[in-house]
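Shown next: model.tsv, given as TSV, C-alpha atoms.
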```
chain	number	residue	atom	x	y	z
A	1	MET	CA	37.21	-28.29	-114.87
A	2	MET	CA	34.64	-27.16	-112.29
A	3	PRO	CA	31.85	-25.12	-113.92
A	4	ASP	CA	30.97	-21.64	-112.60
A	5	LEU	CA	27.71	-21.99	-110.72
A	6	SER	CA	25.12	-19.27	-110.26
A	7	HIS	CA	23.47	-18.70	-106.89
A	8	ASN	CA	20.41	-20.68	-107.96
A	9	ALA	CA	22.60	-23.51	-109.31
A	10	GLN	CA	24.33	-23.73	-105.95
A	11	TRP	CA	20.96	-24.17	-104.26
A	12	VAL	CA	20.04	-26.84	-106.81
A	13	LEU	CA	23.31	-28.60	-106.00
A	14	PHE	CA	22.53	-28.48	-102.28
A	15	SER	CA	19.03	-29.84	-102.91
A	16	THR	CA	20.34	-32.83	-104.88
A	17	LEU	CA	22.88	-33.43	-102.11
A	18	THR	CA	20.14	-33.60	-99.47
A	19	LEU	CA	17.91	-35.62	-101.81
A	20	GLY	CA	20.69	-38.15	-102.37
A	21	MET	CA	21.27	-38.44	-98.61
A	22	ALA	CA	17.55	-38.95	-97.92
A	23	ALA	CA	17.27	-41.49	-100.73
A	24	GLY	CA	20.31	-43.36	-99.43
A	25	ILE	CA	18.89	-43.56	-95.90
A	26	VAL	CA	15.40	-44.65	-96.98
A	27	GLY	CA	16.92	-47.02	-99.53
A	28	CYS	CA	18.83	-48.65	-96.68
A	29	LEU	CA	15.52	-49.33	-94.93
A	30	ALA	CA	14.07	-50.75	-98.15
A	31	TYR	CA	17.16	-52.97	-98.56
A	32	TRP	CA	16.69	-54.59	-95.17
A	33	LYS	CA	12.94	-54.95	-95.70
A	34	ARG	CA	13.80	-56.71	-98.97
A	35	GLN	CA	11.54	-54.30	-100.87
A	36	SER	CA	14.00	-52.59	-103.18
A	37	LEU	CA	11.70	-53.28	-106.14
A	38	MET	CA	8.91	-51.40	-104.35
A	39	SER	CA	10.82	-48.15	-104.81
A	40	ASP	CA	10.93	-48.74	-108.57
A	41	THR	CA	7.22	-49.52	-108.62
A	42	LEU	CA	6.22	-46.41	-106.67
A	43	ALA	CA	8.51	-44.17	-108.73
A	44	HIS	CA	6.79	-45.26	-111.95
A	45	ALA	CA	3.36	-45.16	-110.30
A	46	ALA	CA	3.89	-41.49	-109.40
A	47	LEU	CA	3.91	-40.29	-113.01
A	48	PRO	CA	0.09	-40.25	-113.54
A	49	GLY	CA	-0.32	-38.13	-110.39
A	50	VAL	CA	2.22	-35.59	-111.66
A	51	VAL	CA	0.40	-35.18	-114.96
A	52	ILE	CA	-3.06	-35.08	-113.35
A	53	GLY	CA	-1.81	-32.41	-110.93
A	54	PHE	CA	-0.75	-30.33	-113.92
A	55	MET	CA	-4.04	-30.92	-115.73
A	56	ILE	CA	-6.09	-29.77	-112.73
A	57	LEU	CA	-4.48	-26.33	-112.57
A	58	GLY	CA	-3.37	-26.05	-116.18
A	59	GLU	CA	0.05	-24.86	-115.07
A	60	LYS	CA	3.17	-26.20	-113.42
A	61	ASN	CA	2.69	-25.98	-109.66
A	62	LEU	CA	5.18	-28.18	-107.80
A	63	PRO	CA	3.28	-28.60	-104.48
A	64	VAL	CA	0.12	-29.68	-106.32
A	65	MET	CA	2.03	-32.00	-108.63
A	66	ILE	CA	3.90	-33.52	-105.68
A	67	ALA	CA	0.59	-34.08	-103.91
A	68	GLY	CA	-0.76	-35.78	-107.04
A	69	ALA	CA	2.34	-37.93	-107.32
A	70	ALA	CA	2.05	-38.93	-103.66
A	71	VAL	CA	-1.59	-39.95	-104.05
A	72	SER	CA	-0.79	-41.91	-107.21
A	73	ALA	CA	2.20	-43.67	-105.62
A	74	LEU	CA	0.27	-44.54	-102.47
A	75	LEU	CA	-2.56	-45.87	-104.62
A	76	GLY	CA	-0.03	-48.06	-106.42
A	77	ALA	CA	1.26	-49.39	-103.09
A	78	LEU	CA	-2.29	-50.15	-101.91
A	79	VAL	CA	-3.07	-52.00	-105.14
A	80	VAL	CA	0.12	-54.06	-104.82
A	81	ASN	CA	-0.78	-55.03	-101.25
A	82	GLY	CA	-4.36	-55.74	-102.31
A	83	ILE	CA	-3.28	-58.04	-105.13
A	84	ARG	CA	-0.85	-59.87	-102.86
A	85	ALA	CA	-3.44	-60.31	-100.08
A	86	SER	CA	-6.40	-61.37	-102.24
A	87	SER	CA	-4.76	-63.59	-104.86
A	88	ARG	CA	-1.99	-66.09	-105.45
A	89	VAL	CA	0.06	-63.51	-107.35
A	90	LYS	CA	3.47	-63.04	-105.73
A	91	GLU	CA	4.63	-59.65	-104.52
A	92	ASP	CA	7.29	-59.12	-107.19
A	93	THR	CA	4.81	-60.04	-109.92
A	94	ALA	CA	2.23	-57.62	-108.51
A	95	MET	CA	4.87	-54.89	-108.42
A	96	GLY	CA	5.76	-55.53	-112.06
A	97	ILE	CA	2.10	-55.32	-113.08
A	98	ILE	CA	1.44	-52.07	-111.22
A	99	LEU	CA	4.71	-50.53	-112.44
A	100	SER	CA	3.80	-51.18	-116.08
A	101	VAL	CA	0.13	-50.21	-115.84
A	102	PHE	CA	0.64	-46.95	-113.92
A	103	PHE	CA	3.63	-45.86	-116.01
A	104	GLY	CA	1.79	-46.64	-119.25
A	105	PHE	CA	-1.19	-44.62	-118.01
A	106	GLY	CA	1.13	-41.75	-117.10
A	107	ILE	CA	2.74	-41.75	-120.56
A	108	MET	CA	-0.73	-41.71	-122.14
A	109	LEU	CA	-1.75	-38.69	-120.05
A	110	LEU	CA	1.57	-36.99	-120.83
A	111	THR	CA	0.94	-37.46	-124.55
A	112	ILE	CA	-2.52	-35.92	-124.20
A	113	VAL	CA	-1.11	-32.91	-122.29
A	114	ASN	CA	1.64	-32.33	-124.87
A	115	ARG	CA	-0.99	-32.16	-127.62
A	116	MET	CA	-2.97	-29.52	-125.76
A	117	PRO	CA	-2.37	-25.82	-126.58
A	118	GLY	CA	0.85	-24.87	-124.84
A	119	GLY	CA	1.23	-28.36	-123.43
A	120	ASN	CA	4.58	-28.95	-125.07
A	121	GLN	CA	5.92	-26.02	-123.07
A	122	SER	CA	4.78	-27.47	-119.74
A	123	GLY	CA	8.15	-29.03	-118.95
A	124	LEU	CA	6.54	-32.29	-117.84
A	125	ASP	CA	8.96	-34.27	-120.00
A	126	SER	CA	11.66	-33.40	-117.46
A	127	PHE	CA	9.91	-35.68	-114.97
A	128	ILE	CA	10.84	-38.71	-117.10
A	129	PHE	CA	14.63	-38.42	-116.85
A	130	GLY	CA	14.94	-35.48	-114.48
A	131	GLN	CA	16.21	-31.98	-115.13
A	132	ALA	CA	17.47	-30.08	-112.11
A	133	ALA	CA	18.31	-27.05	-114.25
A	134	ALA	CA	14.58	-26.54	-114.88
A	135	MET	CA	13.88	-26.15	-111.17
A	136	VAL	CA	13.02	-22.72	-109.80
A	137	ARG	CA	13.74	-21.37	-106.33
A	138	GLN	CA	10.43	-22.64	-104.93
A	139	ASP	CA	11.08	-26.15	-106.28
A	140	VAL	CA	14.54	-26.19	-104.71
A	141	ALA	CA	13.24	-24.96	-101.35
A	142	VAL	CA	10.50	-27.62	-101.24
A	143	MET	CA	12.87	-30.45	-102.23
A	144	THR	CA	15.52	-29.40	-99.73
A	145	ALA	CA	13.09	-29.00	-96.83
A	146	VAL	CA	11.39	-32.35	-97.45
A	147	ALA	CA	14.69	-34.22	-97.88
A	148	LEU	CA	16.09	-32.77	-94.65
A	149	LEU	CA	12.85	-33.65	-92.83
A	150	VAL	CA	13.10	-37.28	-94.03
A	151	CYS	CA	16.72	-37.49	-92.85
A	152	LEU	CA	15.78	-36.01	-89.47
A	153	VAL	CA	12.83	-38.34	-88.91
A	154	THR	CA	14.88	-41.41	-89.82
A	155	VAL	CA	17.87	-40.51	-87.66
A	156	ILE	CA	15.75	-39.61	-84.61
A	157	SER	CA	13.94	-42.96	-84.77
A	158	PHE	CA	17.08	-44.99	-85.52
A	159	LYS	CA	16.63	-47.39	-82.56
A	160	GLU	CA	13.03	-48.06	-83.52
A	161	TRP	CA	14.02	-48.87	-87.10
A	162	LYS	CA	16.74	-51.22	-85.89
A	163	LEU	CA	14.27	-53.13	-83.71
A	164	PHE	CA	11.58	-53.13	-86.39
A	165	LEU	CA	13.87	-54.47	-89.12
A	166	PHE	CA	15.99	-57.00	-87.21
A	167	ASP	CA	13.90	-58.17	-84.24
A	168	PRO	CA	10.21	-57.48	-84.92
A	169	GLN	CA	9.02	-59.89	-82.20
A	170	PHE	CA	11.06	-58.12	-79.52
A	171	ALA	CA	9.87	-54.76	-80.88
A	172	LYS	CA	6.28	-55.96	-80.62
A	173	GLY	CA	6.89	-57.03	-77.03
A	174	LEU	CA	8.11	-53.51	-76.26
A	175	GLY	CA	4.88	-52.08	-77.68
A	176	LEU	CA	6.29	-50.93	-81.02
A	177	SER	CA	3.48	-51.21	-83.56
A	178	SER	CA	4.59	-52.92	-86.77
A	179	LYS	CA	1.53	-51.47	-88.50
A	180	TRP	CA	2.58	-47.92	-87.69
A	181	MET	CA	6.21	-48.57	-88.56
A	182	ASN	CA	5.18	-50.00	-91.93
A	183	ALA	CA	3.00	-46.96	-92.53
A	184	ILE	CA	5.84	-44.57	-91.64
A	185	TYR	CA	8.26	-46.52	-93.84
A	186	MET	CA	5.91	-46.40	-96.82
A	187	THR	CA	5.27	-42.69	-96.24
A	188	LEU	CA	9.01	-41.92	-96.17
A	189	LEU	CA	9.55	-43.96	-99.32
A	190	VAL	CA	6.75	-42.17	-101.18
A	191	VAL	CA	7.86	-38.74	-99.96
A	192	VAL	CA	11.45	-39.26	-101.14
A	193	ILE	CA	10.28	-40.54	-104.52
A	194	VAL	CA	7.77	-37.79	-105.28
A	195	THR	CA	10.19	-35.12	-104.07
A	196	GLY	CA	13.07	-36.33	-106.22
A	197	ILE	CA	11.36	-37.20	-109.48
A	198	GLN	CA	11.78	-33.70	-110.91
A	199	ALA	CA	15.55	-33.84	-110.41
A	200	VAL	CA	16.17	-37.53	-111.11
A	201	GLY	CA	13.08	-38.62	-113.05
A	202	VAL	CA	10.53	-41.36	-112.46
A	203	ILE	CA	12.52	-43.94	-114.42
A	204	LEU	CA	15.81	-43.47	-112.58
A	205	MET	CA	14.64	-42.46	-109.09
A	206	ALA	CA	14.66	-46.10	-108.00
A	207	ALA	CA	18.38	-46.33	-108.81
A	208	LEU	CA	19.13	-43.53	-106.34
A	209	LEU	CA	17.27	-45.52	-103.68
A	210	ILE	CA	18.83	-48.90	-104.46
A	211	ILE	CA	22.44	-48.36	-105.56
A	212	PRO	CA	23.82	-46.38	-102.54
A	213	SER	CA	22.52	-48.91	-100.00
A	214	VAL	CA	23.91	-51.86	-101.98
A	215	SER	CA	27.25	-50.05	-102.31
A	216	ALA	CA	27.36	-49.39	-98.56
A	217	ARG	CA	26.74	-53.08	-97.85
A	218	TYR	CA	30.17	-53.92	-99.30
A	219	TRP	CA	31.89	-51.85	-96.62
A	220	THR	CA	30.26	-52.80	-93.33
A	221	ASN	CA	28.06	-55.23	-91.42
A	222	SER	CA	26.83	-52.53	-89.05
A	223	PHE	CA	23.35	-51.15	-89.73
A	224	GLY	CA	24.29	-47.70	-88.43
A	225	TRP	CA	27.46	-47.46	-90.50
A	226	MET	CA	25.62	-48.80	-93.53
A	227	MET	CA	22.95	-46.11	-93.20
A	228	GLY	CA	25.63	-43.41	-92.89
A	229	LEU	CA	27.62	-44.70	-95.85
A	230	SER	CA	24.46	-45.05	-97.92
A	231	ALA	CA	23.63	-41.40	-97.20
A	232	LEU	CA	27.21	-40.44	-98.11
A	233	PHE	CA	27.12	-42.35	-101.41
A	234	GLY	CA	23.67	-41.02	-102.30
A	235	GLY	CA	24.62	-37.43	-101.53
A	236	GLY	CA	27.91	-37.79	-103.40
A	237	ALA	CA	26.15	-39.19	-106.45
A	238	GLY	CA	23.67	-36.32	-106.35
A	239	VAL	CA	26.42	-33.71	-106.27
A	240	ILE	CA	28.63	-35.34	-108.92
A	241	GLY	CA	25.70	-36.01	-111.28
A	242	THR	CA	24.32	-32.49	-110.94
A	243	LEU	CA	27.72	-30.93	-111.61
A	244	ALA	CA	28.18	-33.13	-114.67
A	245	SER	CA	24.74	-32.19	-116.05
A	246	THR	CA	25.54	-28.47	-115.79
A	247	MET	CA	28.44	-28.85	-118.23
A	248	GLY	CA	26.11	-29.20	-121.21
A	249	LYS	CA	22.99	-27.38	-122.33
A	250	GLY	CA	19.82	-29.35	-121.65
A	251	TRP	CA	21.60	-32.41	-120.28
A	252	PRO	CA	19.23	-34.40	-118.03
A	253	THR	CA	20.34	-34.68	-114.43
A	254	GLY	CA	18.96	-38.12	-113.59
A	255	PRO	CA	21.20	-40.21	-115.88
A	256	PHE	CA	24.35	-38.47	-114.65
A	257	ILE	CA	23.37	-39.01	-111.00
A	258	VAL	CA	22.76	-42.70	-111.69
A	259	ILE	CA	26.08	-43.03	-113.56
A	260	ALA	CA	27.86	-41.40	-110.60
A	261	ALA	CA	26.12	-43.79	-108.20
A	262	SER	CA	27.07	-46.72	-110.45
A	263	CYS	CA	30.73	-45.68	-110.40
A	264	LEU	CA	30.64	-45.59	-106.59
A	265	PHE	CA	29.06	-49.05	-106.67
A	266	LEU	CA	31.85	-50.41	-108.88
A	267	VAL	CA	34.46	-49.00	-106.50
A	268	SER	CA	32.64	-50.65	-103.59
A	269	LEU	CA	32.28	-53.90	-105.50
A	270	VAL	CA	36.02	-54.10	-106.10
A	271	PHE	CA	37.54	-52.49	-103.00
A	272	GLY	CA	34.81	-53.00	-100.37
A	273	THR	CA	36.18	-54.35	-97.10
A	274	ARG	CA	33.23	-56.73	-96.77
A	275	LYS	CA	33.25	-59.26	-99.60
A	276	GLY	CA	34.65	-56.86	-102.16
A	277	LEU	CA	36.20	-58.68	-105.10
A	278	LEU	CA	39.73	-57.63	-104.17
A	279	VAL	CA	39.23	-58.73	-100.57
A	280	LEU	CA	37.86	-62.09	-101.73
A	281	VAL	CA	40.85	-62.62	-104.02
A	282	VAL	CA	43.27	-61.81	-101.19
A	283	GLN	CA	41.41	-64.12	-98.80
A	284	GLN	CA	41.43	-66.97	-101.33
A	285	TRP	CA	45.13	-66.44	-102.01
A	286	THR	CA	45.87	-66.38	-98.26
A	287	GLN	CA	43.86	-69.56	-97.65
A	288	LYS	CA	45.58	-71.27	-100.56
A	289	LYS	CA	48.96	-70.21	-99.25
A	290	GLN	CA	48.15	-71.45	-95.75
A	291	LEU	CA	46.95	-74.76	-97.16
A	292	GLN	CA	50.15	-75.16	-99.17
A	293	ASN	CA	52.29	-74.39	-96.10
A	294	SER	CA	50.27	-76.85	-94.02
A	295	LEU	CA	50.73	-79.60	-96.64
A	296	THR	CA	54.45	-78.84	-96.88
A	297	GLN	CA	54.87	-79.08	-93.13
A	298	GLN	CA	52.90	-82.32	-93.08
A	299	ASN	CA	55.08	-83.83	-95.81
A	300	MET	CA	58.24	-82.80	-94.01
A	301	ALA	CA	56.94	-84.36	-90.80
A	302	GLU	CA	56.14	-87.59	-92.59
A	303	ARG	CA	59.61	-87.73	-94.15
A	304	GLY	CA	61.22	-87.03	-90.80
A	305	ALA	CA	59.29	-89.90	-89.27
```
Can you present the structure in this file as structure tokens?
Amino acid sequence: MMPDLSHNAQWVLFSTLTLGMAAGIVGCLAYWKRQSLMSDTLAHAALPGVVIGFMILGEKNLPVMIAGAAVSALLGALVVNGIRASSRVKEDTAMGIILSVFFGFGIMLLTIVNRMPGGNQSGLDSFIFGQAAAMVRQDVAVMTAVALLVCLVTVISFKEWKLFLFDPQFAKGLGLSSKWMNAIYMTLLVVVIVTGIQAVGVILMAALLIIPSVSARYWTNSFGWMMGLSALFGGGAGVIGTLASTMGKGWPTGPFIVIAASCLFLVSLVFGTRKGLLVLVVQQWTQKKQLQNSLTQQNMAERGA
């Protein structure tokens, strides 16, 4: 049964819809850059910045905390690139190191804040698993505006992204700077992560970036259609998860959004028109049937001869 939603809850629902769409689109870019793990790393690396932003002002101020999360996540990305460039450590190993170190540091700071006078009332724990119900009107407005801006920037520069991801040499010949495109990509990734961590949480934000794009891949080979489907799946997961979390008191939003995204992935895995399990079974059965018919015809021809 659909719960009765207040005016503020409706705005929260719209914000998670736009967040899911933005995450799906940016996640599609990360999928084709083969950097899906980077989203997980930056999401965990954002936690220290959130807590430090709170400690600076001594109160919950979303713009300041988002700025802190952005600085912390960008610092994590720079350290990953620095480790990869200056050592023999592989990129995925460097990501795992930075993910663990930054998240552990963030948990340590969070523990310190919770032991301060009034710290346990700060609401920072909601940034771990996400709690959209704890968002106020200002939080919703900021999240919605940023998510829509990310969608707009990505859609406007669709041709540039297509060249950058699939034919970088041709893009370079046309004067498209790979350095700037990488910088814009990393900025979009960080912006989506730091904007969505209050609703989805630092632990599960990566799932909202990864799962919709992987689900969309089972339905199409077209980059444009995949980006659109990824946005659709991400937005749908955001709406379904948020509605589910409103049915109980204090239920975290992030896990329900991820469960909704996972259900969409399972549907895509089974029924996807491109290498979905059902399609593969039908193709194998058809090939087997054709082979049997071919052998039968060959045997009949041999007997006739």
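Across A:Thr154, A:Ser126, A:Asn61, A:Ser222, the tightest approach to A:Gly201 is made by A:Ser126 when counting all atoms listed in the file.
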Contact residues around stretch 14-29 of chain A with all atoms listed in the file at 9 Å, ignoring same-chain residues under 5 positions, as a CSV table (one decimal) with C-alpha atoms, keeping the file's coordinate frame:
```csv
chain,number,residue,atom,x,y,z
A,9,ALA,CA,22.6,-23.5,-109.3
A,34,ARG,CA,13.8,-56.7,-99.0
A,35,GLN,CA,11.5,-54.3,-100.9
A,36,SER,CA,14.0,-52.6,-103.2
A,39,SER,CA,10.8,-48.2,-104.8
A,132,ALA,CA,17.5,-30.1,-112.1
A,140,VAL,CA,14.5,-26.2,-104.7
A,141,ALA,CA,13.2,-25.0,-101.4
A,142,VAL,CA,10.5,-27.6,-101.2
A,143,MET,CA,12.9,-30.4,-102.2
A,144,THR,CA,15.5,-29.4,-99.7
A,145,ALA,CA,13.1,-29.0,-96.8
A,146,VAL,CA,11.4,-32.4,-97.4
A,147,ALA,CA,14.7,-34.2,-97.9
A,148,LEU,CA,16.1,-32.8,-94.6
A,149,LEU,CA,12.8,-33.6,-92.8
A,150,VAL,CA,13.1,-37.3,-94.0
A,151,CYS,CA,16.7,-37.5,-92.8
A,154,THR,CA,14.9,-41.4,-89.8
A,155,VAL,CA,17.9,-40.5,-87.7
A,161,TRP,CA,14.0,-48.9,-87.1
A,165,LEU,CA,13.9,-54.5,-89.1
A,185,TYR,CA,8.3,-46.5,-93.8
A,188,LEU,CA,9.0,-41.9,-96.2
A,189,LEU,CA,9.6,-44.0,-99.3
A,192,VAL,CA,11.4,-39.3,-101.1
A,193,ILE,CA,10.3,-40.5,-104.5
A,195,THR,CA,10.2,-35.1,-104.1
A,196,GLY,CA,13.1,-36.3,-106.2
A,199,ALA,CA,15.6,-33.8,-110.4
A,200,VAL,CA,16.2,-37.5,-111.1
A,205,MET,CA,14.6,-42.5,-109.1
A,206,ALA,CA,14.7,-46.1,-108.0
A,208,LEU,CA,19.1,-43.5,-106.3
A,209,LEU,CA,17.3,-45.5,-103.7
A,210,ILE,CA,18.8,-48.9,-104.5
A,211,ILE,CA,22.4,-48.4,-105.6
A,212,PRO,CA,23.8,-46.4,-102.5
A,213,SER,CA,22.5,-48.9,-100.0
A,214,VAL,CA,23.9,-51.9,-102.0
A,216,ALA,CA,27.4,-49.4,-98.6
A,223,PHE,CA,23.4,-51.2,-89.7
A,226,MET,CA,25.6,-48.8,-93.5
A,227,MET,CA,23.0,-46.1,-93.2
A,228,GLY,CA,25.6,-43.4,-92.9
A,229,LEU,CA,27.6,-44.7,-95.8
A,230,SER,CA,24.5,-45.0,-97.9
A,231,ALA,CA,23.6,-41.4,-97.2
A,232,LEU,CA,27.2,-40.4,-98.1
A,233,PHE,CA,27.1,-42.4,-101.4
A,234,GLY,CA,23.7,-41.0,-102.3
A,235,GLY,CA,24.6,-37.4,-101.5
A,236,GLY,CA,27.9,-37.8,-103.4
A,237,ALA,CA,26.2,-39.2,-106.4
A,238,GLY,CA,23.7,-36.3,-106.4
A,239,VAL,CA,26.4,-33.7,-106.3
A,241,GLY,CA,25.7,-36.0,-111.3
A,242,THR,CA,24.3,-32.5,-110.9
```
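You will find atom CA of A:Thr273 at 12.9 Å from atom CA of A:Trp225.
Between atom CA of A:Thr220 and atom CA of A:Leu278 the separation is 15.2 Å.
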Residue contacts of A:Lys162 (10 Å, all atoms listed in the file) excluding same-chain residues fewer than 3 positions away, as an NGL selection string: :A and (29 or 32 or 157-159 or 165-168 or 171 or 223-224)
Which distance in Å separates atom CA of A:Met186 and atom CA of A:Gln131, to one decimal? 25.5 Å
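Among the candidates A:Gly175, A:Pro63, A:Gly254, A:Gly68, the one nearest to A:Pro48 when counting only C-alpha atoms is A:Gly68.
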So, counting all atoms listed in the file, which residue among A:Val64, A:Met55, A:Val80, A:Ser86 is closest to A:Ile112? A:Met55
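Closest approach to A:Asp125 from the set A:Gly272, A:Gly106, A:Gly173, A:Pro255 is made by A:Gly106, with distances taken over only C-alpha atoms.
You can rank A:Thr111, A:Asn182, A:Thr286, A:Ser245 by their closest distance to A:Lys33 using all atoms listed in the file, and at the top of that list sits A:Asn182.
Minimum distance to A:Val101 across A:Leu291, A:Leu42, A:Ile128, A:Ile240 (counting all atoms listed in the file) occurs at A:Leu42.
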Using all atoms listed in the file, which protein or nucleic acid residues come within 12 Å of A:Gly276? Drop anything in the same chain fewer than 2 positions from it, and give the result as a ChimeraX atom specification. /A:214-220,265-274,278-283
Contacts of A:Phe103 at 10 Å (all atoms listed in the file; same-chain gap of 4+ positions) as a ChimeraX atom specification: /A:41-48,98-99,107-109,202-203
Calculate, to one decimal in Å, the centre and edge lengths of the box along x, y and z of the file that holds all listed atoms of stretch 217-233 of chain A with 5 Å of margin on each side, and present them as JSON.
```
{"center_x": 27.4, "center_y": -47.8, "center_z": -94.9, "size_x": 18.9, "size_y": 24.8, "size_z": 23.0}
```
